[in-house]
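Q: File coords.txt below, compact mmCIF, C-alpha atoms:
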```txt
# COMPACT_ATOMS: atom_id res chain seq x y z
CA MET L 1 0.00 0.00 0.00
CA ALA L 2 1.36 3.41 -0.98
CA VAL L 3 2.19 5.71 1.93
CA ILE L 4 1.12 9.35 1.63
CA LYS L 5 3.32 11.65 3.62
CA ARG L 6 1.64 14.60 5.25
CA MET L 7 3.58 17.84 4.85
CA SER L 8 3.93 20.13 7.84
CA LEU L 9 3.00 23.80 7.56
CA VAL L 10 6.71 24.64 7.49
CA ASP L 11 7.27 22.22 4.60
CA GLN L 12 4.33 23.66 2.67
CA VAL L 13 5.43 27.28 3.07
CA TYR L 14 9.03 26.34 2.28
CA GLU L 15 8.10 24.44 -0.90
CA LYS L 16 5.80 27.20 -2.17
CA LEU L 17 8.35 29.93 -1.55
CA LYS L 18 11.23 27.91 -2.97
CA ASP L 19 9.30 27.12 -6.14
CA LYS L 20 8.53 30.80 -6.67
CA ILE L 21 12.18 31.79 -6.15
CA VAL L 22 13.79 29.11 -8.33
CA GLN L 23 11.21 29.63 -11.07
CA LEU L 24 12.07 33.36 -11.05
CA LYS L 25 8.50 34.35 -10.11
CA ILE L 26 9.83 36.60 -7.33
CA PRO L 27 12.24 39.27 -8.63
CA PHE L 28 15.87 39.16 -7.51
CA GLY L 29 16.47 41.25 -4.41
CA SER L 30 12.77 41.35 -3.42
CA LYS L 31 12.00 41.83 0.26
CA LEU L 32 10.09 38.96 1.88
CA ASN L 33 7.74 40.42 4.46
CA VAL L 34 6.81 37.93 7.19
CA SER L 35 3.41 39.52 7.86
CA LYS L 36 2.47 39.47 4.18
CA LEU L 37 3.58 35.85 3.85
CA GLN L 38 1.49 34.93 6.91
CA GLU L 39 -1.54 36.50 5.26
CA GLU L 40 -0.81 34.93 1.87
CA TYR L 41 -0.46 31.38 3.22
CA GLY L 42 -2.88 31.67 6.14
CA VAL L 43 -0.38 30.59 8.79
CA SER L 44 1.29 32.02 11.89
CA SER L 45 4.71 33.64 11.84
CA THR L 46 6.48 30.49 13.14
CA PRO L 47 6.25 28.32 9.98
CA VAL L 48 7.08 31.35 7.83
CA ARG L 49 10.22 32.14 9.81
CA GLU L 50 11.30 28.48 9.85
CA ALA L 51 10.77 28.27 6.08
CA LEU L 52 12.85 31.42 5.60
CA ASN L 53 15.63 29.91 7.70
CA ARG L 54 15.70 26.87 5.41
CA LEU L 55 15.91 29.09 2.35
CA LEU L 56 18.70 31.05 4.02
CA ASN L 57 20.66 27.82 4.57
CA GLU L 58 20.23 26.97 0.88
CA GLY L 59 21.55 30.37 -0.15
CA LEU L 60 18.31 31.43 -1.84
CA ILE L 61 17.63 34.36 0.48
CA GLU L 62 19.70 36.62 2.71
CA PHE L 63 19.01 38.65 5.83
CA GLU L 64 20.01 42.28 6.18
CA ASN L 65 20.07 44.26 9.41
CA ASN L 66 17.06 46.56 9.73
CA VAL L 67 15.70 45.22 6.42
CA GLY L 68 14.89 41.55 6.94
CA ALA L 69 14.79 38.75 4.40
CA ARG L 70 15.47 39.35 0.73
CA VAL L 71 15.69 37.04 -2.28
CA ILE L 72 19.32 36.87 -3.39
CA ASP L 73 20.46 38.97 -6.33
CA ILE L 74 22.56 36.75 -8.61
CA THR L 75 25.39 38.27 -10.65
CA GLU L 76 27.51 36.88 -13.48
CA ASP L 77 30.25 36.12 -10.95
CA ASP L 78 27.72 34.24 -8.81
CA VAL L 79 26.83 32.08 -11.82
CA ARG L 80 30.49 31.16 -12.21
CA ARG L 81 30.92 30.40 -8.51
CA ILE L 82 27.80 28.23 -8.32
CA GLN L 83 28.87 26.29 -11.40
CA GLU L 84 32.39 25.78 -10.05
CA VAL L 85 31.11 24.29 -6.79
CA SER L 86 28.61 22.15 -8.68
CA PHE L 87 31.41 20.93 -10.96
CA ALA L 88 33.53 19.95 -7.96
CA TYR L 89 30.68 17.79 -6.62
CA GLU L 90 30.07 16.28 -10.06
CA MET L 91 33.75 15.35 -10.44
CA ALA L 92 33.75 13.66 -7.04
CA ALA L 93 30.55 11.76 -7.84
CA ALA L 94 31.92 10.66 -11.21
CA ARG L 95 35.22 9.51 -9.68
CA TYR L 96 33.59 7.37 -7.00
CA ALA L 97 30.94 6.07 -9.39
CA MET L 98 33.64 4.90 -11.80
CA LYS L 99 35.51 3.22 -8.94
CA ARG L 100 32.59 1.61 -7.14
CA GLY L 101 29.52 1.74 -9.34
CA ASP L 102 27.94 -0.63 -11.81
CA ARG L 103 29.88 0.34 -14.94
CA GLU L 104 27.65 -1.51 -17.41
CA GLY L 105 24.54 -0.19 -15.71
CA MET L 106 25.84 3.38 -15.89
CA ILE L 107 26.65 2.99 -19.58
CA ARG L 108 23.13 1.71 -20.30
CA GLU L 109 21.42 4.46 -18.29
CA ILE L 110 23.49 7.31 -19.67
CA GLY L 111 23.07 5.96 -23.20
CA GLN L 112 19.31 5.95 -22.69
CA TYR L 113 19.27 9.55 -21.42
CA ILE L 114 21.45 10.68 -24.31
CA GLU L 115 18.89 9.26 -26.75
CA GLU L 116 16.12 11.03 -24.84
CA TYR L 117 18.16 14.25 -25.02
CA LYS L 118 18.48 13.88 -28.81
CA ASN L 119 14.73 13.40 -29.10
CA SER L 120 13.79 16.17 -26.65
CA GLN L 121 11.34 18.76 -27.95
CA GLY L 122 12.65 21.76 -26.07
CA VAL L 123 15.20 23.04 -23.64
CA ILE L 124 13.14 22.07 -20.58
CA GLU L 125 13.06 18.43 -21.69
CA SER L 126 16.78 18.48 -22.47
CA CYS L 127 17.54 19.91 -19.01
CA SER L 128 15.65 17.01 -17.46
CA CYS L 129 17.86 14.58 -19.38
CA ILE L 130 20.98 16.40 -18.18
CA ARG L 131 19.89 16.12 -14.56
CA ASN L 132 19.18 12.42 -15.05
CA ILE L 133 22.64 11.82 -16.51
CA LYS L 134 24.36 13.53 -13.59
CA ALA L 135 22.13 11.68 -11.12
CA VAL L 136 23.56 8.40 -12.44
CA PHE L 137 26.96 9.38 -11.03
CA TYR L 138 25.58 10.34 -7.62
CA LYS L 139 23.50 7.17 -7.43
CA ASN L 140 26.56 5.02 -8.15
CA SER L 141 29.00 6.97 -5.95
CA ASP L 142 27.94 5.12 -2.78
CA ASN L 143 28.55 8.27 -0.73
CA ALA L 144 25.56 9.63 1.17
CA MET L 145 27.52 12.61 2.52
CA LEU L 146 28.44 13.67 -1.00
CA ILE L 147 24.79 13.47 -2.05
CA ASP L 148 23.73 15.53 0.99
CA SER L 149 26.37 18.15 0.17
CA MET L 150 25.16 18.33 -3.40
CA GLU L 151 21.56 18.74 -2.19
CA SER L 152 22.61 21.83 -0.21
CA LEU L 153 23.39 23.49 -3.57
CA ASN L 154 20.17 22.26 -5.15
CA GLY L 155 18.22 25.50 -4.84
CA LEU L 156 20.88 27.67 -6.46
CA ASP L 157 21.41 25.07 -9.15
CA GLN L 158 17.67 25.15 -9.89
CA VAL L 159 17.84 28.92 -10.34
CA LEU L 160 20.54 28.44 -12.99
CA HIS L 161 18.45 25.73 -14.67
CA SER L 162 15.48 28.11 -14.76
CA LEU L 163 17.61 30.80 -16.37
CA PHE L 164 19.01 28.34 -18.90
CA SER L 165 15.60 26.90 -19.75
CA MET L 166 13.86 30.21 -20.37
CA PRO L 167 11.68 30.15 -23.52
CA ARG L 168 13.84 30.81 -26.55
CA GLU L 169 12.91 32.73 -29.66
CA LYS L 170 14.39 31.67 -32.97
CA GLY L 171 17.80 33.26 -33.32
CA GLY L 172 17.85 34.08 -29.62
CA SER L 173 19.90 32.81 -26.72
CA GLY L 174 20.41 29.05 -26.83
CA GLU L 175 18.35 28.35 -29.94
CA PHE L 176 20.45 25.28 -30.74
CA TYR L 177 20.14 23.59 -27.35
CA HIS L 178 20.68 20.15 -28.89
CA THR L 179 24.34 21.01 -29.54
CA GLY L 180 24.98 20.46 -25.82
CA ILE L 181 24.64 16.70 -26.35
CA SER L 182 28.20 16.48 -27.66
CA TYR L 183 29.58 16.93 -24.13
CA PHE L 184 27.57 13.99 -22.82
CA GLU L 185 28.56 11.84 -25.77
CA THR L 186 32.15 12.56 -24.70
CA ILE L 187 31.27 11.49 -21.16
CA TYR L 188 29.55 8.34 -22.43
CA LYS L 189 32.60 7.23 -24.42
CA ALA L 190 34.93 8.14 -21.55
CA ILE L 191 33.06 5.87 -19.15
CA GLN L 192 33.34 3.03 -21.64
CA ASN L 193 37.09 3.64 -21.82
CA ASP L 194 37.52 4.16 -18.06
CA ASP L 195 38.84 7.65 -18.82
CA PHE L 196 38.02 9.82 -15.81
CA ALA L 197 39.88 12.88 -17.17
CA SER L 198 37.67 12.94 -20.27
CA VAL L 199 34.54 12.61 -18.10
CA CYS L 200 35.67 15.76 -16.26
CA ASP L 201 36.37 17.51 -19.57
CA GLY L 202 32.84 16.73 -20.71
CA LEU L 203 31.24 17.95 -17.49
CA GLU L 204 33.25 21.17 -17.43
CA GLY L 205 32.77 21.77 -21.15
CA HIS L 206 29.01 21.55 -20.78
CA GLN L 207 29.01 24.01 -17.89
CA LEU L 208 31.04 26.54 -19.85
CA TRP L 209 28.77 26.07 -22.87
CA ALA L 210 25.66 26.58 -20.72
CA ARG L 211 27.10 29.58 -18.86
CA LYS L 212 26.88 31.95 -21.83
CA TYR L 213 23.14 31.25 -22.16
CA ILE L 214 22.54 31.53 -18.42
CA VAL L 215 24.33 34.88 -18.24
CA LYS L 216 22.52 36.19 -21.32
CA ASN L 217 19.13 35.20 -19.89
CA LEU L 218 20.09 36.64 -16.49
CA GLU L 219 20.66 39.99 -18.21
CA THR L 220 17.24 39.70 -19.88
CA VAL L 221 15.49 38.90 -16.59
CA LYS L 222 17.14 41.83 -14.84
CA GLU L 223 16.16 44.18 -17.65
CA GLN L 224 12.57 43.01 -17.29
CA GLN L 225 12.74 43.49 -13.52
CA GLY L 226 14.20 46.98 -13.93
CA LYS L 227 17.50 46.06 -12.30
```
Let me see whether you can do it: turn the structure in this file into structure tokens.
A:
Amino acid sequence: MAVIKRMSLVDQVYEKLKDKIVQLKIPFGSKLNVSKLQEEYGVSSTPVREALNRLLNEGLIEFENNVGARVIDITEDDVRRIQEVSFAYEMAAARYAMKRGDREGMIREIGQYIEEYKNSQGVIESCSCIRNIKAVFYKNSDNAMLIDSMESLNGLDQVLHSLFSMPREKGGSGEFYHTGISYFETIYKAIQNDDFASVCDGLEGHQLWARKYIVKNLETVKEQQGK
């Protein structure tokens, strides 16, 4: 029998706020007023404050003296820093997965996701395939602490994914999103050849390729928000 988990008020407020932030529905730098959030979600101040503390720990909001909570304001340098930390986790996961994981199973799974990437109908679908490919490494790393550390970056990483997966107009930023598959084809072949260095090259290459689109779309979002 399936078990349905009941979410606490804190969990509900946290999930709703996080979704709005990572989906860019709340402008960068916006103040988060506790009283207004209480009224919006129909709860007391306690679950709101606890939810804000969780978001603070994930780096999605910040507290300023005499101001209160604000949504973070991401810069181009922040994009680079987030990607660099994410890359460090991905390298570690790939290294341990290649040492301890099911090599043949990884090859089959990644090959499947690469085919799904090739057949994806838009950048949102392709991003889902990318996340699935990277998840194969974490799943096979046999390191719960590494996975927990990666999860702490999850919110910021989702913000970058939202920026990357913004709707594209023909000729605009990231029109040819399918070209990113070449990096994962490199990774796929490298796993087959037990070539960890080439796996890292593929992971880093994809991040650098994606960064130009993320930064371009960040500029667009800030223009729209009057930043």
Q: Residues within 10 Å of (10.5, 44.8, 0.3), file coordinates, counting all atoms listed in the file: what are they? Give the list as a PyMOL selection string.
A: chain L and resi 29-33+67-71
Q: Grab the CA of Glu62 (chain L) to CA of Met166 (chain L) distance for me, in Å with one decimal place.
A: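 CA of Met166 (chain L) lies at a distance of 24.7 Å from CA of Glu62 (chain L).
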Q: What's the 10 Å shell around Phe28 (chain L), counting only C-alpha atoms, without same-chain residues fewer than 2 positions away, as number ranges by chain?
A: L: 21, 24-26, 30-31, 60-61, 70-74, 221-222, 225, 227
Q: Go ahead and save the picked residues with C-alpha atoms, as a JSON list (two decimals), keeping the file's coordinate frame.
A:
```json
[["chain", "number", "residue", "atom", "x", "y", "z"],
["L", 21, "ILE", "CA", 12.18, 31.79, -6.15],
["L", 24, "LEU", "CA", 12.07, 33.36, -11.05],
["L", 25, "LYS", "CA", 8.50, 34.35, -10.11],
["L", 26, "ILE", "CA", 9.83, 36.60, -7.33],
["L", 30, "SER", "CA", 12.77, 41.35, -3.42],
["L", 31, "LYS", "CA", 12.00, 41.83, 0.26],
["L", 60, "LEU", "CA", 18.31, 31.43, -1.84],
["L", 61, "ILE", "CA", 17.63, 34.36, 0.48],
["L", 70, "ARG", "CA", 15.47, 39.35, 0.73],
["L", 71, "VAL", "CA", 15.69, 37.04, -2.28],
["L", 72, "ILE", "CA", 19.32, 36.87, -3.39],
["L", 73, "ASP", "CA", 20.46, 38.97, -6.33],
["L", 74, "ILE", "CA", 22.56, 36.75, -8.61],
["L", 221, "VAL", "CA", 15.49, 38.90, -16.59],
["L", 222, "LYS", "CA", 17.14, 41.83, -14.84],
["L", 225, "GLN", "CA", 12.74, 43.49, -13.52],
["L", 227, "LYS", "CA", 17.50, 46.06, -12.30]]
```
Q: Could you tell me how far CA of Gln207 (chain L) lies from CA of Ala135 (chain L), in Å and to one decimal?
A: 15.7 Å
Q: Compile the contact shell of Glu204 (chain L) as a PDB file with C-alpha atoms, in the frame of the given file: residues with an atom at most 12 Å away, counting only C-alpha atoms, same-chain residues fewer than 6 positions apart removed.
A:
```pdb
ATOM      1  CA  ARG L  80      30.490  31.160 -12.210  1.00  0.00           C
ATOM      2  CA  GLN L  83      28.870  26.290 -11.400  1.00  0.00           C
ATOM      3  CA  GLU L  84      32.390  25.780 -10.050  1.00  0.00           C
ATOM      4  CA  VAL L  85      31.110  24.290  -6.790  1.00  0.00           C
ATOM      5  CA  SER L  86      28.610  22.150  -8.680  1.00  0.00           C
ATOM      6  CA  PHE L  87      31.410  20.930 -10.960  1.00  0.00           C
ATOM      7  CA  ALA L  88      33.530  19.950  -7.960  1.00  0.00           C
ATOM      8  CA  TYR L  89      30.680  17.790  -6.620  1.00  0.00           C
ATOM      9  CA  GLU L  90      30.070  16.280 -10.060  1.00  0.00           C
ATOM     10  CA  MET L  91      33.750  15.350 -10.440  1.00  0.00           C
ATOM     11  CA  GLY L 180      24.980  20.460 -25.820  1.00  0.00           C
ATOM     12  CA  TYR L 183      29.580  16.930 -24.130  1.00  0.00           C
ATOM     13  CA  PHE L 184      27.570  13.990 -22.820  1.00  0.00           C
ATOM     14  CA  THR L 186      32.150  12.560 -24.700  1.00  0.00           C
ATOM     15  CA  ILE L 187      31.270  11.490 -21.160  1.00  0.00           C
ATOM     16  CA  ALA L 197      39.880  12.880 -17.170  1.00  0.00           C
ATOM     17  CA  SER L 198      37.670  12.940 -20.270  1.00  0.00           C
ATOM     18  CA  ALA L 210      25.660  26.580 -20.720  1.00  0.00           C
ATOM     19  CA  ARG L 211      27.100  29.580 -18.860  1.00  0.00           C
TER      20      ARG L 211
END
```
Q: Of the candidates L:Thr220, L:Gln192, L:Ser165, L:Gln12, which one gets nearest to Ile110 (chain L) if we count only C-alpha atoms?
A: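 Nearest candidate to Ile110 (chain L) out of L:Thr220, L:Gln192, L:Ser165, L:Gln12: L:Gln192.
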Q: Write out as number ranges by chain the residues lying within 12 Å of Ala92 (chain L), counting only C-alpha atoms and excluding same-chain residues fewer than 6 positions away.
A: L: 85-86, 98-99, 134, 137-138, 140-143, 145-147, 149-150, 196-197, 199-200, 203
Q: In terms of the shortest atom-to-atom distance over all atoms listed in the file, which of L:Met7, L:Val159, L:Val34, L:Ile114 is closest to Asn132 (chain L)?
A: L:Ile114
Q: Using the file's own x, y and z axes, what box holds all listed atoms of region 188-194 of chain L with 6 Å on each side, keeping edges along x, y and z, and what are its centre and edge lengths in Å to one decimal, as lines of an AutoDock Vina configuration file?
A:
```
center_x = 33.5
center_y = 5.7
center_z = -21.2
size_x = 20.0
size_y = 17.3
size_z = 18.4
```
Q: Identify, on the basis of all atoms listed in the file, every residue whose closest approach to region 46-58 of chain L does not exceed 6 Å; exclude the query and any residue fewer than 6 positions from it along the same chain; express the result as an MDAnalysis selection string.
A: chainID L and resid 10 14 152
Q: Write out as a VMD selection string each polymer residue whose atoms come within 12 Å of Glu223 (chain L), counting all atoms listed in the file; drop sequence neighbours fewer than 5 positions from it.
A: chain L and resid 27 to 28 216 to 218
Q: Using N, CA and C atoms, give me region 5-51 of chain L from the structure I just pasted, as an mmCIF file, in the first residue's frame.
A:
```cif
data_model
loop_
_atom_site.group_PDB
_atom_site.id
_atom_site.type_symbol
_atom_site.label_atom_id
_atom_site.label_comp_id
_atom_site.auth_asym_id
_atom_site.auth_seq_id
_atom_site.Cartn_x
_atom_site.Cartn_y
_atom_site.Cartn_z
ATOM 1 N N LYS L 5 2.714 10.876 2.544
ATOM 2 C CA LYS L 5 3.319 11.654 3.617
ATOM 3 C C LYS L 5 2.618 12.992 3.761
ATOM 4 N N ARG L 6 2.276 13.314 4.984
ATOM 5 C CA ARG L 6 1.644 14.602 5.248
ATOM 6 C C ARG L 6 2.731 15.651 5.450
ATOM 7 N N MET L 7 2.593 16.768 4.740
ATOM 8 C CA MET L 7 3.576 17.843 4.851
ATOM 9 C C MET L 7 3.200 18.782 5.988
ATOM 10 N N SER L 8 4.167 19.160 6.774
ATOM 11 C CA SER L 8 3.934 20.126 7.841
ATOM 12 C C SER L 8 3.691 21.506 7.228
ATOM 13 N N LEU L 9 3.202 22.430 8.047
ATOM 14 C CA LEU L 9 2.999 23.803 7.563
ATOM 15 C C LEU L 9 4.322 24.410 7.118
ATOM 16 N N VAL L 10 5.396 24.114 7.863
ATOM 17 C CA VAL L 10 6.714 24.636 7.490
ATOM 18 C C VAL L 10 7.105 24.126 6.114
ATOM 19 N N ASP L 11 6.923 22.816 5.891
ATOM 20 C CA ASP L 11 7.274 22.221 4.600
ATOM 21 C C ASP L 11 6.481 22.865 3.469
ATOM 22 N N GLN L 12 5.187 23.092 3.716
ATOM 23 C CA GLN L 12 4.334 23.661 2.670
ATOM 24 C C GLN L 12 4.760 25.082 2.307
ATOM 25 N N VAL L 13 5.004 25.908 3.326
ATOM 26 C CA VAL L 13 5.431 27.285 3.070
ATOM 27 C C VAL L 13 6.790 27.290 2.379
ATOM 28 N N TYR L 14 7.695 26.450 2.862
ATOM 29 C CA TYR L 14 9.031 26.344 2.281
ATOM 30 C C TYR L 14 8.959 25.955 0.807
ATOM 31 N N GLU L 15 8.184 24.912 0.480
ATOM 32 C CA GLU L 15 8.096 24.443 -0.899
ATOM 33 C C GLU L 15 7.498 25.501 -1.820
ATOM 34 N N LYS L 16 6.446 26.171 -1.344
ATOM 35 C CA LYS L 16 5.801 27.196 -2.174
ATOM 36 C C LYS L 16 6.749 28.365 -2.439
ATOM 37 N N LEU L 17 7.424 28.813 -1.390
ATOM 38 C CA LEU L 17 8.352 29.933 -1.554
ATOM 39 C C LEU L 17 9.541 29.550 -2.430
ATOM 40 N N LYS L 18 10.074 28.359 -2.182
ATOM 41 C CA LYS L 18 11.228 27.910 -2.968
ATOM 42 C C LYS L 18 10.869 27.821 -4.441
ATOM 43 N N ASP L 19 9.712 27.243 -4.741
ATOM 44 C CA ASP L 19 9.296 27.121 -6.141
ATOM 45 C C ASP L 19 9.214 28.491 -6.808
ATOM 46 N N LYS L 20 8.655 29.463 -6.090
ATOM 47 C CA LYS L 20 8.530 30.804 -6.668
ATOM 48 C C LYS L 20 9.898 31.437 -6.921
ATOM 49 N N ILE L 21 10.839 31.198 -6.003
ATOM 50 C CA ILE L 21 12.176 31.786 -6.152
ATOM 51 C C ILE L 21 12.937 31.129 -7.290
ATOM 52 N N VAL L 22 12.989 29.788 -7.309
ATOM 53 C CA VAL L 22 13.792 29.110 -8.329
ATOM 54 C C VAL L 22 13.172 29.228 -9.715
ATOM 55 N N GLN L 23 11.859 29.444 -9.779
ATOM 56 C CA GLN L 23 11.206 29.631 -11.075
ATOM 57 C C GLN L 23 11.180 31.105 -11.494
ATOM 58 N N LEU L 24 11.886 31.943 -10.725
ATOM 59 C CA LEU L 24 12.068 33.364 -11.049
ATOM 60 C C LEU L 24 10.757 34.145 -11.019
ATOM 61 N N LYS L 25 9.776 33.660 -10.212
ATOM 62 C CA LYS L 25 8.501 34.351 -10.109
ATOM 63 C C LYS L 25 8.550 35.481 -9.090
ATOM 64 N N ILE L 26 9.601 35.488 -8.258
ATOM 65 C CA ILE L 26 9.833 36.597 -7.333
ATOM 66 C C ILE L 26 11.101 37.297 -7.806
ATOM 67 N N PRO L 27 11.067 38.572 -8.095
ATOM 68 C CA PRO L 27 12.245 39.272 -8.627
ATOM 69 C C PRO L 27 13.458 39.185 -7.701
ATOM 70 N N PHE L 28 14.635 39.153 -8.287
ATOM 71 C CA PHE L 28 15.869 39.161 -7.513
ATOM 72 C C PHE L 28 15.893 40.377 -6.585
ATOM 73 N N GLY L 29 16.337 40.156 -5.361
ATOM 74 C CA GLY L 29 16.467 41.248 -4.412
ATOM 75 C C GLY L 29 15.178 41.665 -3.726
ATOM 76 N N SER L 30 14.059 40.969 -4.015
ATOM 77 C CA SER L 30 12.768 41.347 -3.420
ATOM 78 C C SER L 30 12.755 41.089 -1.921
ATOM 79 N N LYS L 31 12.143 42.012 -1.187
ATOM 80 C CA LYS L 31 11.996 41.827 0.258
ATOM 81 C C LYS L 31 10.869 40.837 0.526
ATOM 82 N N LEU L 32 11.093 39.946 1.485
ATOM 83 C CA LEU L 32 10.089 38.965 1.880
ATOM 84 C C LEU L 32 9.545 39.374 3.249
ATOM 85 N N ASN L 33 8.354 39.917 3.239
ATOM 86 C CA ASN L 33 7.738 40.419 4.463
ATOM 87 C C ASN L 33 7.012 39.291 5.189
ATOM 88 N N VAL L 34 7.391 39.036 6.431
ATOM 89 C CA VAL L 34 6.814 37.930 7.194
ATOM 90 C C VAL L 34 5.304 38.093 7.343
ATOM 91 N N SER L 35 4.857 39.285 7.663
ATOM 92 C CA SER L 35 3.412 39.515 7.857
ATOM 93 C C SER L 35 2.631 39.241 6.574
ATOM 94 N N LYS L 36 3.155 39.695 5.447
ATOM 95 C CA LYS L 36 2.466 39.469 4.177
ATOM 96 C C LYS L 36 2.446 37.987 3.816
ATOM 97 N N LEU L 37 3.534 37.290 4.127
ATOM 98 C CA LEU L 37 3.583 35.853 3.850
ATOM 99 C C LEU L 37 2.608 35.094 4.746
ATOM 100 N N GLN L 38 2.477 35.535 5.998
ATOM 101 C CA GLN L 38 1.491 34.935 6.907
ATOM 102 C C GLN L 38 0.086 35.053 6.306
ATOM 103 N N GLU L 39 -0.208 36.241 5.829
ATOM 104 C CA GLU L 39 -1.536 36.496 5.265
ATOM 105 C C GLU L 39 -1.742 35.692 3.983
ATOM 106 N N GLU L 40 -0.711 35.638 3.145
ATOM 107 C CA GLU L 40 -0.812 34.928 1.865
ATOM 108 C C GLU L 40 -1.065 33.435 2.063
ATOM 109 N N TYR L 41 -0.361 32.827 3.034
ATOM 110 C CA TYR L 41 -0.464 31.383 3.222
ATOM 111 C C TYR L 41 -1.400 30.984 4.366
ATOM 112 N N GLY L 42 -1.927 31.964 5.075
ATOM 113 C CA GLY L 42 -2.880 31.673 6.140
ATOM 114 C C GLY L 42 -2.281 30.904 7.298
ATOM 115 N N VAL L 43 -1.063 31.283 7.689
ATOM 116 C CA VAL L 43 -0.379 30.592 8.787
ATOM 117 C C VAL L 43 0.161 31.629 9.772
ATOM 118 N N SER L 44 0.673 31.129 10.908
ATOM 119 C CA SER L 44 1.285 32.022 11.893
ATOM 120 C C SER L 44 2.699 32.379 11.445
ATOM 121 N N SER L 45 3.353 33.201 12.216
ATOM 122 C CA SER L 45 4.705 33.636 11.844
ATOM 123 C C SER L 45 5.736 32.518 11.994
ATOM 124 N N THR L 46 5.475 31.540 12.870
ATOM 125 C CA THR L 46 6.480 30.494 13.143
ATOM 126 C C THR L 46 6.839 29.675 11.906
ATOM 127 N N PRO L 47 5.873 29.080 11.174
ATOM 128 C CA PRO L 47 6.252 28.322 9.984
ATOM 129 C C PRO L 47 6.885 29.191 8.898
ATOM 130 N N VAL L 48 6.473 30.447 8.827
ATOM 131 C CA VAL L 48 7.076 31.346 7.833
ATOM 132 C C VAL L 48 8.547 31.581 8.163
ATOM 133 N N ARG L 49 8.837 31.871 9.415
ATOM 134 C CA ARG L 49 10.222 32.140 9.811
ATOM 135 C C ARG L 49 11.091 30.881 9.669
ATOM 136 N N GLU L 50 10.526 29.721 10.000
ATOM 137 C CA GLU L 50 11.301 28.485 9.853
ATOM 138 C C GLU L 50 11.573 28.193 8.373
ATOM 139 N N ALA L 51 10.584 28.457 7.522
ATOM 140 C CA ALA L 51 10.771 28.267 6.083
ATOM 141 C C ALA L 51 11.848 29.212 5.551
#
```
